[in-house]
>>> print(open('my_file.cif').read())   # mmCIF, C-alpha atoms
data_final
#
loop_
_atom_site.label_atom_id
_atom_site.label_comp_id
_atom_site.auth_asym_id
_atom_site.auth_seq_id
_atom_site.Cartn_x
_atom_site.Cartn_y
_atom_site.Cartn_z
CA MET R 1290 -34.06 -131.60 5.97
CA LYS R 1291 -31.94 -130.79 2.93
CA LYS R 1292 -30.40 -127.89 4.83
CA ILE R 1293 -29.48 -130.12 7.75
CA LEU R 1294 -27.94 -132.70 5.41
CA ILE R 1295 -25.82 -130.04 3.72
CA LEU R 1296 -24.79 -128.67 7.12
CA ILE R 1297 -23.66 -132.14 8.19
CA VAL R 1298 -21.72 -132.75 4.95
CA THR R 1299 -20.13 -129.30 5.29
CA LEU R 1300 -19.03 -129.99 8.85
CA ILE R 1301 -17.66 -133.42 7.89
CA SER R 1302 -15.78 -131.86 4.97
CA MET R 1303 -14.29 -129.20 7.21
CA ALA R 1304 -13.21 -131.82 9.75
CA ALA R 1305 -11.73 -133.97 6.97
CA PHE R 1306 -9.81 -130.97 5.63
CA VAL R 1307 -8.35 -130.03 9.02
CA GLY R 1308 -7.59 -133.67 9.81
CA ILE R 1309 -5.78 -134.40 6.57
CA ILE R 1310 -3.72 -131.20 6.83
CA LEU R 1311 -2.64 -132.00 10.40
CA ARG R 1312 -2.03 -135.68 9.68
CA GLY R 1313 -0.12 -135.01 6.49
CA SER R 1314 2.05 -132.11 7.59
CA ILE R 1315 2.50 -132.14 11.36
CA TYR R 1316 1.45 -135.25 13.21
CA SER R 1317 2.65 -138.74 12.36
CA PRO R 1318 1.21 -141.22 14.85
CA GLU R 1319 3.02 -144.49 15.22
CA GLU R 1320 1.20 -147.44 16.72
CA GLU R 1321 3.72 -148.74 19.20
CA ILE R 1322 3.02 -151.84 21.25
CA THR R 1323 3.34 -152.28 24.97
CA PRO R 1324 6.59 -154.18 25.24
CA PRO R 1325 6.95 -157.68 26.62
CA ASN R 1326 8.47 -157.96 30.11
CA ALA R 1327 12.01 -158.38 28.86
CA LEU R 1328 11.83 -155.04 27.07
CA SER R 1329 10.12 -153.31 30.00
CA LYS R 1330 13.08 -154.30 32.15
CA ILE R 1331 15.49 -152.84 29.62
CA GLU R 1332 13.46 -149.62 29.57
CA GLU R 1333 13.55 -149.45 33.38
CA GLN R 1334 17.30 -149.99 33.43
CA GLN R 1335 17.87 -147.41 30.69
CA ALA R 1336 15.75 -144.85 32.52
CA LYS R 1337 18.16 -144.94 35.47
CA LEU R 1338 21.21 -144.25 33.30
CA PRO R 1339 22.53 -140.75 32.72
CA GLY R 1340 23.25 -139.54 29.20
CA HIS R 1341 19.81 -139.64 27.59
CA SER R 1342 19.83 -137.65 24.38
CA SER R 1343 18.17 -134.29 24.22
CA ARG R 1344 19.15 -132.92 20.79
CA LEU R 1345 20.91 -134.08 17.64
CA PHE R 1346 23.11 -131.67 15.68
CA ILE R 1347 24.57 -132.26 12.24
CA PRO R 1348 26.22 -128.94 11.36
CA ILE R 1349 27.02 -129.80 7.73
CA LEU R 1350 23.32 -130.49 7.04
CA LYS R 1351 22.08 -127.70 9.35
CA ILE R 1352 20.11 -130.24 11.37
CA ASP R 1353 19.21 -129.32 14.94
CA ALA R 1354 16.50 -131.68 16.15
CA GLN R 1355 14.89 -132.70 19.38
CA VAL R 1356 15.29 -136.38 20.26
CA GLN R 1357 12.18 -138.38 21.12
CA GLU R 1358 12.25 -141.88 22.60
CA VAL R 1359 10.63 -144.52 20.40
CA GLY R 1360 9.82 -148.19 20.94
CA ILE R 1361 8.53 -150.98 18.72
CA THR R 1362 5.61 -150.96 16.34
CA LYS R 1363 3.01 -153.67 15.87
CA LYS R 1364 4.99 -154.99 12.95
CA GLY R 1365 8.11 -155.39 15.08
CA ASN R 1366 9.91 -152.42 13.54
CA ILE R 1367 11.63 -149.62 15.39
CA GLY R 1368 9.15 -146.79 15.96
CA ALA R 1369 9.46 -143.41 14.29
CA PRO R 1370 9.01 -139.95 15.82
CA ASN R 1371 5.43 -138.68 15.90
CA ASN R 1372 6.24 -135.61 13.87
CA PHE R 1373 8.47 -134.74 10.92
CA THR R 1374 10.90 -132.39 12.67
CA ASP R 1375 12.13 -134.51 15.60
CA VAL R 1376 14.25 -137.65 15.52
CA GLY R 1377 13.57 -140.84 17.49
CA TRP R 1378 16.07 -142.79 19.60
CA TYR R 1379 15.30 -146.52 19.94
CA LYS R 1380 14.83 -146.75 23.69
CA TYR R 1381 15.38 -150.53 23.99
CA GLY R 1382 18.89 -150.22 22.57
CA PRO R 1383 22.04 -148.63 23.98
CA LEU R 1384 22.25 -144.93 24.73
CA PRO R 1385 24.33 -142.94 22.24
CA GLY R 1386 27.89 -142.83 23.56
CA ASN R 1387 27.60 -146.12 25.47
CA SER R 1388 29.12 -149.38 24.29
CA GLY R 1389 27.02 -150.88 21.52
CA THR R 1390 24.94 -149.66 18.62
CA ALA R 1391 22.46 -146.88 19.34
CA VAL R 1392 19.84 -146.11 16.71
CA ILE R 1393 18.20 -142.80 15.81
CA GLY R 1394 15.61 -142.51 13.03
CA GLY R 1395 14.01 -139.51 11.38
CA HIS R 1396 11.47 -138.87 8.63
CA ILE R 1397 12.61 -138.00 5.12
CA ASP R 1398 9.33 -136.25 4.20
CA ASN R 1399 5.80 -135.69 5.38
CA GLY R 1400 2.41 -136.61 3.97
CA PHE R 1401 2.52 -133.70 1.52
CA SER R 1402 6.06 -134.50 0.33
CA PHE R 1403 7.58 -131.56 2.15
CA PRO R 1404 11.01 -132.21 3.66
CA GLY R 1405 11.36 -134.04 6.95
CA VAL R 1406 14.27 -133.70 9.36
CA PHE R 1407 16.44 -136.24 7.49
CA LYS R 1408 15.58 -135.09 3.95
CA LYS R 1409 19.24 -134.30 3.27
CA LEU R 1410 20.79 -137.16 5.21
CA ASN R 1411 22.05 -138.70 1.98
CA ASP R 1412 24.20 -135.57 1.48
CA ILE R 1413 26.33 -136.48 4.49
CA SER R 1414 29.86 -137.72 3.86
CA ILE R 1415 32.31 -139.96 5.63
CA GLY R 1416 34.24 -137.90 8.17
CA ASP R 1417 31.41 -135.42 8.84
CA ASP R 1418 30.59 -134.52 12.42
CA VAL R 1419 27.45 -135.47 14.33
CA TYR R 1420 26.76 -134.24 17.85
CA ILE R 1421 24.40 -135.42 20.56
CA GLU R 1422 23.53 -133.16 23.45
CA THR R 1423 22.51 -135.10 26.53
CA LYS R 1424 19.86 -134.08 29.03
CA GLU R 1425 22.67 -133.32 31.48
CA GLY R 1426 24.08 -130.80 28.98
CA ASP R 1427 27.09 -132.85 27.85
CA THR R 1428 27.97 -133.02 24.17
CA LEU R 1429 29.01 -136.26 22.47
CA HIS R 1430 30.95 -136.02 19.23
CA PHE R 1431 30.46 -138.73 16.59
CA VAL R 1432 32.14 -139.02 13.21
CA VAL R 1433 30.56 -140.60 10.12
CA LYS R 1434 32.32 -143.86 9.34
CA ASN R 1435 30.06 -145.55 6.80
CA ILE R 1436 26.98 -144.87 4.63
CA THR R 1437 24.93 -147.80 3.34
CA THR R 1438 21.54 -148.40 1.76
CA TYR R 1439 19.49 -151.47 2.67
CA ASP R 1440 16.17 -152.93 1.55
CA TYR R 1441 13.32 -151.83 3.83
CA ASN R 1442 12.89 -155.39 5.12
CA SER R 1443 16.54 -156.36 5.38
CA PRO R 1444 17.48 -158.63 8.27
CA THR R 1445 18.93 -156.36 10.90
CA GLU R 1446 21.28 -158.75 12.70
CA SER R 1447 24.28 -157.37 10.88
CA ILE R 1448 23.02 -153.76 10.79
CA PHE R 1449 22.52 -153.64 14.54
CA ALA R 1450 25.47 -155.89 15.29
CA LYS R 1451 27.00 -155.41 18.69
CA SER R 1452 30.00 -153.16 18.69
CA ASP R 1453 32.44 -152.47 21.50
CA GLU R 1454 33.03 -149.09 19.91
CA PRO R 1455 30.21 -146.66 20.85
CA THR R 1456 28.29 -146.50 17.57
CA LEU R 1457 25.33 -144.38 16.55
CA LEU R 1458 23.23 -145.24 13.49
CA LEU R 1459 21.16 -142.55 11.77
CA ILE R 1460 18.36 -144.07 9.69
CA THR R 1461 15.83 -142.68 7.24
CA CYS R 1462 13.80 -143.85 4.26
CA THR R 1463 15.17 -143.62 0.75
CA GLY R 1464 14.59 -145.18 -2.67
CA ASN R 1465 11.13 -145.30 -4.21
CA TRP R 1466 7.69 -145.21 -2.62
CA VAL R 1467 5.89 -148.55 -2.99
CA ASN R 1468 2.12 -148.26 -2.67
CA ALA R 1469 1.61 -151.90 -1.80
CA ILE R 1470 3.69 -151.60 1.37
CA ARG R 1471 2.96 -147.89 1.89
CA THR R 1472 6.59 -147.04 2.50
CA HIS R 1473 9.85 -146.51 0.65
CA ASP R 1474 11.68 -149.58 -0.57
CA LYS R 1475 15.07 -148.69 0.89
CA ARG R 1476 16.59 -147.42 4.12
CA LEU R 1477 19.65 -145.18 4.35
CA VAL R 1478 21.85 -146.10 7.31
CA VAL R 1479 24.62 -143.72 8.32
CA THR R 1480 27.08 -145.29 10.76
CA THR R 1481 28.89 -142.94 13.12
CA VAL R 1482 31.34 -143.71 15.89
CA LEU R 1483 32.20 -141.79 19.03
CA SER R 1484 35.22 -139.56 18.50
CA LYS R 1485 38.11 -140.36 20.78
CA LYS R 1486 39.53 -136.84 20.51
CA MET K 1040 -25.91 -127.42 -11.65
CA ASN K 1041 -24.53 -126.66 -8.20
CA LYS K 1042 -26.24 -129.72 -6.88
CA LYS K 1043 -24.51 -131.90 -9.50
CA ILE K 1044 -21.10 -130.48 -8.64
CA PHE K 1045 -21.82 -130.91 -4.95
CA LEU K 1046 -22.83 -134.55 -5.43
CA PHE K 1047 -19.78 -135.22 -7.60
CA LEU K 1048 -17.44 -133.78 -4.99
CA LEU K 1049 -19.17 -135.71 -2.22
CA PHE K 1050 -18.69 -138.90 -4.20
CA ALA K 1051 -15.03 -138.03 -4.83
CA LEU K 1052 -14.44 -137.36 -1.13
CA ILE K 1053 -15.99 -140.65 -0.09
CA SER K 1054 -14.12 -142.55 -2.80
CA GLY K 1055 -10.83 -140.92 -1.75
CA GLY K 1056 -11.41 -141.87 1.86
CA LEU K 1057 -12.23 -145.42 0.96
CA MET K 1058 -9.15 -145.74 -1.21
CA ASP K 1059 -7.01 -145.22 1.90
CA VAL K 1060 -8.51 -148.15 3.71
CA ASN K 1061 -6.25 -151.19 3.56
CA LYS K 1062 -7.70 -154.02 1.58
CA VAL K 1063 -8.27 -156.92 3.93
CA SER K 1064 -8.52 -160.36 2.52
CA ALA K 1065 -11.38 -162.33 3.97
CA ALA K 1066 -10.40 -164.64 6.76
CA GLU K 1067 -12.42 -167.74 7.37
CA PRO K 1068 -14.32 -167.89 9.60
CA THR K 1069 -15.28 -164.28 10.21
CA PHE K 1070 -15.97 -162.72 13.59
CA PRO K 1071 -17.68 -159.56 14.79
CA SER K 1072 -15.97 -156.20 14.32
CA GLY K 1073 -12.97 -155.83 16.64
CA CYS K 1074 -12.72 -159.58 17.24
CA SER K 1075 -10.11 -161.97 15.86
CA SER K 1076 -11.87 -164.99 17.35
CA ALA K 1077 -15.07 -165.73 19.20
CA LEU K 1078 -13.15 -165.38 22.46
CA GLY K 1079 -13.14 -162.31 24.71
CA PHE K 1080 -14.52 -158.89 23.88
CA SER K 1081 -14.40 -156.74 20.75
CA ILE K 1082 -11.65 -154.13 20.93
CA THR K 1083 -13.79 -151.69 18.96
CA THR K 1084 -17.31 -152.21 20.30
CA GLY K 1085 -16.62 -153.82 23.68
CA SER K 1086 -19.29 -156.43 22.96
CA SER K 1087 -18.77 -160.10 23.54
CA CYS K 1088 -17.07 -161.72 20.53
CA ASN K 1089 -19.19 -164.87 20.69
CA GLY K 1090 -22.35 -162.96 19.95
CA THR K 1091 -23.97 -163.68 23.30
CA THR K 1092 -24.28 -161.54 26.42
CA SER K 1093 -21.49 -163.40 28.24
CA ALA K 1094 -18.05 -163.51 26.66
CA THR K 1095 -15.85 -166.58 26.60
CA ILE K 1096 -12.79 -165.55 28.59
CA GLY K 1097 -9.49 -167.34 28.04
CA PHE K 1098 -8.85 -170.27 25.75
CA LEU K 1099 -11.14 -173.24 25.48
CA PRO K 1100 -10.21 -176.53 27.20
CA GLY K 1101 -7.51 -178.29 25.23
CA CYS K 1102 -6.50 -175.11 23.39
CA VAL K 1103 -3.46 -172.90 23.89
CA THR K 1104 -4.51 -170.40 21.22
CA ALA K 1105 -7.69 -169.63 19.30
CA ILE K 1106 -6.24 -171.46 16.30
CA GLY K 1107 -6.88 -175.09 15.34
CA TYR K 1108 -8.78 -177.74 17.30
CA SER K 1109 -8.99 -178.59 20.98
CA ILE K 1110 -6.95 -181.68 21.82
CA ILE K 1111 -9.51 -182.57 24.46
CA THR K 1112 -12.88 -181.92 22.89
CA GLY K 1113 -11.91 -181.88 19.22
CA GLN K 1114 -13.91 -178.70 18.72
CA ALA K 1115 -12.61 -175.55 17.04
CA CYS K 1116 -10.51 -173.43 19.42
CA SER K 1117 -11.89 -170.29 17.82
CA GLY K 1118 -15.07 -170.70 19.86
CA GLY K 1119 -17.01 -170.82 16.61
CA THR K 1120 -18.07 -173.71 14.44
CA LEU K 1121 -15.04 -173.48 12.11
CA PRO K 1122 -11.37 -173.66 13.15
CA ILE K 1123 -8.86 -170.95 12.33
CA GLN K 1124 -5.63 -172.02 10.62
CA TYR K 1125 -3.50 -168.91 10.22
CA LEU K 1126 -5.08 -165.51 10.18
CA SER K 1127 -4.89 -163.41 7.06
CA GLY K 1128 -1.41 -161.84 6.84
CA CYS K 1129 0.14 -164.39 9.24
CA SER K 1130 2.53 -167.23 8.51
CA SER K 1131 2.61 -168.44 12.10
CA VAL K 1132 0.85 -167.78 15.40
CA LEU K 1133 3.59 -165.34 16.45
CA GLY K 1134 3.45 -161.58 16.03
CA TYR K 1135 0.90 -159.51 14.17
CA SER K 1136 -0.81 -159.83 10.79
CA THR K 1137 0.95 -157.83 8.10
CA ILE K 1138 -2.45 -157.11 6.53
CA THR K 1139 -4.85 -156.43 9.38
CA GLY K 1140 -2.43 -155.67 12.21
CA ALA K 1141 -4.33 -158.13 14.42
CA ALA K 1142 -2.50 -160.59 16.66
CA CYS K 1143 -1.69 -163.78 14.76
CA ASN K 1144 -2.59 -166.02 17.69
CA GLY K 1145 -6.24 -165.18 17.28
CA THR K 1146 -6.52 -163.14 20.47
CA ASN K 1147 -6.20 -159.44 21.12
CA PHE K 1148 -2.63 -159.87 22.39
CA ALA K 1149 0.14 -161.16 20.19
CA THR K 1150 2.69 -163.74 21.21
CA LEU K 1151 6.06 -162.09 20.71
CA SER K 1152 9.54 -163.39 21.06
CA PRO K 1153 11.29 -160.91 23.36
CA THR K 1154 14.72 -162.18 22.36
CA GLU K 1155 14.08 -161.59 18.67
CA ILE K 1156 12.73 -158.12 19.27
CA VAL K 1157 15.55 -156.99 21.51
CA ILE K 1158 18.16 -158.09 19.03
CA ASN K 1159 16.40 -157.70 15.70
CA PRO K 1160 13.76 -155.02 15.45
CA GLY K 1161 12.96 -154.14 11.84
CA LEU K 1162 14.11 -150.91 10.25
CA PRO K 1163 11.85 -147.93 10.98
CA THR K 1164 9.32 -146.47 8.54
CA THR K 1165 10.36 -142.87 8.21
CA GLY K 1166 8.60 -141.11 5.38
CA GLU K 1167 5.09 -140.48 4.10
CA GLY K 1168 5.73 -138.59 0.88
CA GLY K 1169 4.07 -141.30 -1.18
CA ASN K 1170 0.74 -140.45 0.43
CA ALA K 1171 0.98 -136.89 -0.90
CA PRO K 1172 -1.21 -137.28 -4.03
CA LEU K 1173 -4.04 -138.83 -2.04
CA ASN K 1174 -3.69 -136.33 0.82
CA VAL K 1175 -3.72 -133.40 -1.63
CA ALA K 1176 -6.75 -134.80 -3.44
CA ILE K 1177 -8.71 -135.34 -0.24
CA SER K 1178 -7.80 -131.91 1.11
CA PHE K 1179 -8.88 -130.19 -2.14
CA VAL K 1180 -12.14 -132.10 -2.38
CA SER K 1181 -13.00 -131.60 1.29
CA ALA K 1182 -12.15 -127.89 1.07
CA ALA K 1183 -14.30 -127.52 -2.06
CA LEU K 1184 -17.20 -129.36 -0.46
CA ALA K 1185 -16.97 -127.25 2.67
CA ALA K 1186 -16.85 -124.03 0.64
CA ILE K 1187 -19.86 -125.02 -1.48
CA GLY K 1188 -21.78 -126.09 1.59
CA ILE K 1189 -21.03 -122.85 3.42
CA ALA K 1190 -21.96 -120.77 0.36
CA TYR K 1191 -25.24 -122.66 0.02
CA LEU K 1192 -26.13 -122.25 3.69
CA VAL K 1193 -25.28 -118.53 3.67
CA ARG K 1194 -27.41 -118.00 0.56
CA LYS K 1195 -30.35 -119.91 2.05
CA ASN K 1196 -30.12 -117.88 5.26
CA ARG K 1197 -30.14 -114.61 3.30
CA LEU K 1198 -33.18 -115.66 1.30
CA ALA K 1199 -34.95 -116.71 4.48
#
>>> encode(input="my_file.cif", output="structure tokens")
Amino acid sequence: MKKILILIVTLISMAAFVGIILRGSIYSPEEEITPPNALSKIEEQQAKLPGHSSRLFIPILKIDAQVQEVGITKKGNIGAPNNFTDVGWYKYGPLPGNSGTAVIGGHIDNGFSFPGVFKKLNDISIGDDVYIETKEGDTLHFVVKNITTYDYNSPTESIFAKSDEPTLLLITCTGNWVNAIRTHDKRLVVTTVLSKK
Amino acid sequence: MNKKIFLFLLFALISGGLMDVNKVSAAEPTFPSGCSSALGFSITTGSSCNGTTSATIGFLPGCVTAIGYSIITGQACSGGTLPIQYLSGCSSVLGYSTITGAACNGTNFATLSPTEIVINPGLPTTGEGGNAPLNVAISFVSAALAAIGIAYLVRKNRLA
């Protein structure tokens, strides 16, 4: 009996170890909701458009990341990629390069504090280049226009304000970790605009 | 001695796991696991939320949510004996609880405002570094427990 109990505890411990390593370092599940009808229609319309992003390049930061499509979480926030190396494009917003404000988010770090894809995003400067490669193989060139830090729960009307100029926002966490809300207290928002050159 | 260490580590592992569970403030009245009202089925167990073999499907007469009282019968819309005001972590019947993640309208499906979401989604949560101390602690304790358990079992097998 004692032997069986120890075997069970050992197996549970091994499973806990593997689980926490995977969850902390590789996999970051995000509980997204099934969107209301209005959003489903947007998703359908977007799916028909060409120019979906495949990769994001930021040469100055040596970032070369795959682009996932993310939706909305239970809390009504934009979803995040399900790992720490990809970035996530908000699929209910405009496509990068189209009129309006497209949004791409990426993790700053993982569950063991190792760097995520946007760890060095705060090293970017105004005038730096950002490239999006589309699934058709085209490359869109954006230039950093503005870098701002917001509170994690800031109203987003002005941040995501409509823009006739094709705009791409790059977002990651910054500031201090707050245990009560289990996230950082600030968000770094890098505003880039499509280069006309 | 080994047994004491083993028990200590087991306790530490369980405590660490429990620490990660969000503290949920008690909502009144309470319902079975996976239920936010006495209506419908539990999302975790699949059992009827009213505690009987046949679930109450849909809202009660005179109710448009599970919250408050029926305007026809005057009974609680929750399907229980007590009415629900706002669920824990909710300031209205729209959206999801910021504490439990459950729908604020008292059902399994939240009422959302599509217009608000299209225009104003919140900023994403993009970092988990603050969980590192807890993750490291749990991984160390679980690894230690597994190693001790394996060593014990190997030794017992040799002796047998």
>>> interface_residues(input="my_file.cif", of="chain R", to="chain K", cutoff="8 Å", atoms="all atoms listed in the file", output="ChimeraX atom specification")
/R:1292,1295-1296,1298-1300,1302-1303,1305-1306,1309-1310,1313,1325-1328,1361,1363-1369,1381-1382,1394-1403,1405,1441-1446,1449,1460-1462,1466-1468,1471-1473,1476
>>> atom_distance(input="my_file.cif", atom1="CA of Val1479 in chain R", atom2="CA of Leu1458 in chain R")
5.6 Å
>>> resolve_selection(input="my_file.cif", expression="the PyMOL selection byres ((chain R and resi 1432) around 9)", output="VMD selection string")
chain R and resid 1415 to 1420 1430 to 1431 1433 to 1434 1480 to 1484
>>> atom_distance(input="my_file.cif", atom1="CA of Asn1387 in chain R", atom2="CA of Thr1438 in chain R")
24.6 Å
>>> resolve_selection(input="my_file.cif", expression="the PyMOL selection byres ((chain K and resi 1083-1088) around 12)", output="VMD selection string")
chain K and resid 1069 to 1082 1089 to 1096 1117 to 1119 1145 to 1147
>>> resolve_selection(input="my_file.cif", expression="the PyMOL selection byres ((chain R and resi 1355) around 12)", output="list in words")
His1341, Ser1342, Ser1343, Arg1344, Leu1345, Phe1346, Ile1352, Asp1353, Ala1354, Val1356, Gln1357, Glu1358, Pro1370, Asn1371, Asn1372, Phe1373, Thr1374, Asp1375, Val1376, Gly1377, Trp1378, Ile1393, Gly1394, Gly1395, Val1406, Ile1421, Glu1422, Thr1423 and Lys1424 of chain R
>>> write_last_selection(input="my_file.cif", atoms="C-alpha atoms", output="PDB file, in the coordinates of the input")
ATOM      1  CA  HIS R1341      19.810-139.640  27.590  1.00  0.00           C
ATOM      2  CA  SER R1342      19.830-137.650  24.380  1.00  0.00           C
ATOM      3  CA  SER R1343      18.170-134.290  24.220  1.00  0.00           C
ATOM      4  CA  ARG R1344      19.150-132.920  20.790  1.00  0.00           C
ATOM      5  CA  LEU R1345      20.910-134.080  17.640  1.00  0.00           C
ATOM      6  CA  PHE R1346      23.110-131.670  15.680  1.00  0.00           C
ATOM      7  CA  ILE R1352      20.110-130.240  11.370  1.00  0.00           C
ATOM      8  CA  ASP R1353      19.210-129.320  14.940  1.00  0.00           C
ATOM      9  CA  ALA R1354      16.500-131.680  16.150  1.00  0.00           C
ATOM     10  CA  VAL R1356      15.290-136.380  20.260  1.00  0.00           C
ATOM     11  CA  GLN R1357      12.180-138.380  21.120  1.00  0.00           C
ATOM     12  CA  GLU R1358      12.250-141.880  22.600  1.00  0.00           C
ATOM     13  CA  PRO R1370       9.010-139.950  15.820  1.00  0.00           C
ATOM     14  CA  ASN R1371       5.430-138.680  15.900  1.00  0.00           C
ATOM     15  CA  ASN R1372       6.240-135.610  13.870  1.00  0.00           C
ATOM     16  CA  PHE R1373       8.470-134.740  10.920  1.00  0.00           C
ATOM     17  CA  THR R1374      10.900-132.390  12.670  1.00  0.00           C
ATOM     18  CA  ASP R1375      12.130-134.510  15.600  1.00  0.00           C
ATOM     19  CA  VAL R1376      14.250-137.650  15.520  1.00  0.00           C
ATOM     20  CA  GLY R1377      13.570-140.840  17.490  1.00  0.00           C
ATOM     21  CA  TRP R1378      16.070-142.790  19.600  1.00  0.00           C
ATOM     22  CA  ILE R1393      18.200-142.800  15.810  1.00  0.00           C
ATOM     23  CA  GLY R1394      15.610-142.510  13.030  1.00  0.00           C
ATOM     24  CA  GLY R1395      14.010-139.510  11.380  1.00  0.00           C
ATOM     25  CA  VAL R1406      14.270-133.700   9.360  1.00  0.00           C
ATOM     26  CA  ILE R1421      24.400-135.420  20.560  1.00  0.00           C
ATOM     27  CA  GLU R1422      23.530-133.160  23.450  1.00  0.00           C
ATOM     28  CA  THR R1423      22.510-135.100  26.530  1.00  0.00           C
ATOM     29  CA  LYS R1424      19.860-134.080  29.030  1.00  0.00           C
TER      30      LYS R1424
END
>>> atom_distance(input="my_file.cif", atom1="CA of Ala1391 in chain R", atom2="CA of Tyr1316 in chain R")
24.8 Å
>>> closest_residue(input="my_file.cif", among="R:Ala1469, R:Leu1457, R:Leu1429, R:Leu1477", to="Lys1409 in chain R", atoms="all atoms listed in the file")
R:Leu1477
>>> residues_near_point(input="my_file.cif", point="(9.1, -147.6, 29.6)", cutoff="10 Å", atoms="all atoms listed in the file", output="PDB file with C-alpha atoms, in the frame of the given file")
ATOM      1  CA  THR R1323       3.340-152.280  24.970  1.00  0.00           C
ATOM      2  CA  PRO R1324       6.590-154.180  25.240  1.00  0.00           C
ATOM      3  CA  LEU R1328      11.830-155.040  27.070  1.00  0.00           C
ATOM      4  CA  SER R1329      10.120-153.310  30.000  1.00  0.00           C
ATOM      5  CA  LYS R1330      13.080-154.300  32.150  1.00  0.00           C
ATOM      6  CA  ILE R1331      15.490-152.840  29.620  1.00  0.00           C
ATOM      7  CA  GLU R1332      13.460-149.620  29.570  1.00  0.00           C
ATOM      8  CA  GLU R1333      13.550-149.450  33.380  1.00  0.00           C
ATOM      9  CA  GLN R1334      17.300-149.990  33.430  1.00  0.00           C
ATOM     10  CA  GLN R1335      17.870-147.410  30.690  1.00  0.00           C
ATOM     11  CA  ALA R1336      15.750-144.850  32.520  1.00  0.00           C
ATOM     12  CA  GLU R1358      12.250-141.880  22.600  1.00  0.00           C
ATOM     13  CA  VAL R1359      10.630-144.520  20.400  1.00  0.00           C
ATOM     14  CA  GLY R1360       9.820-148.190  20.940  1.00  0.00           C
ATOM     15  CA  LYS R1380      14.830-146.750  23.690  1.00  0.00           C
ATOM     16  CA  TYR R1381      15.380-150.530  23.990  1.00  0.00           C
TER      17      TYR R1381
END
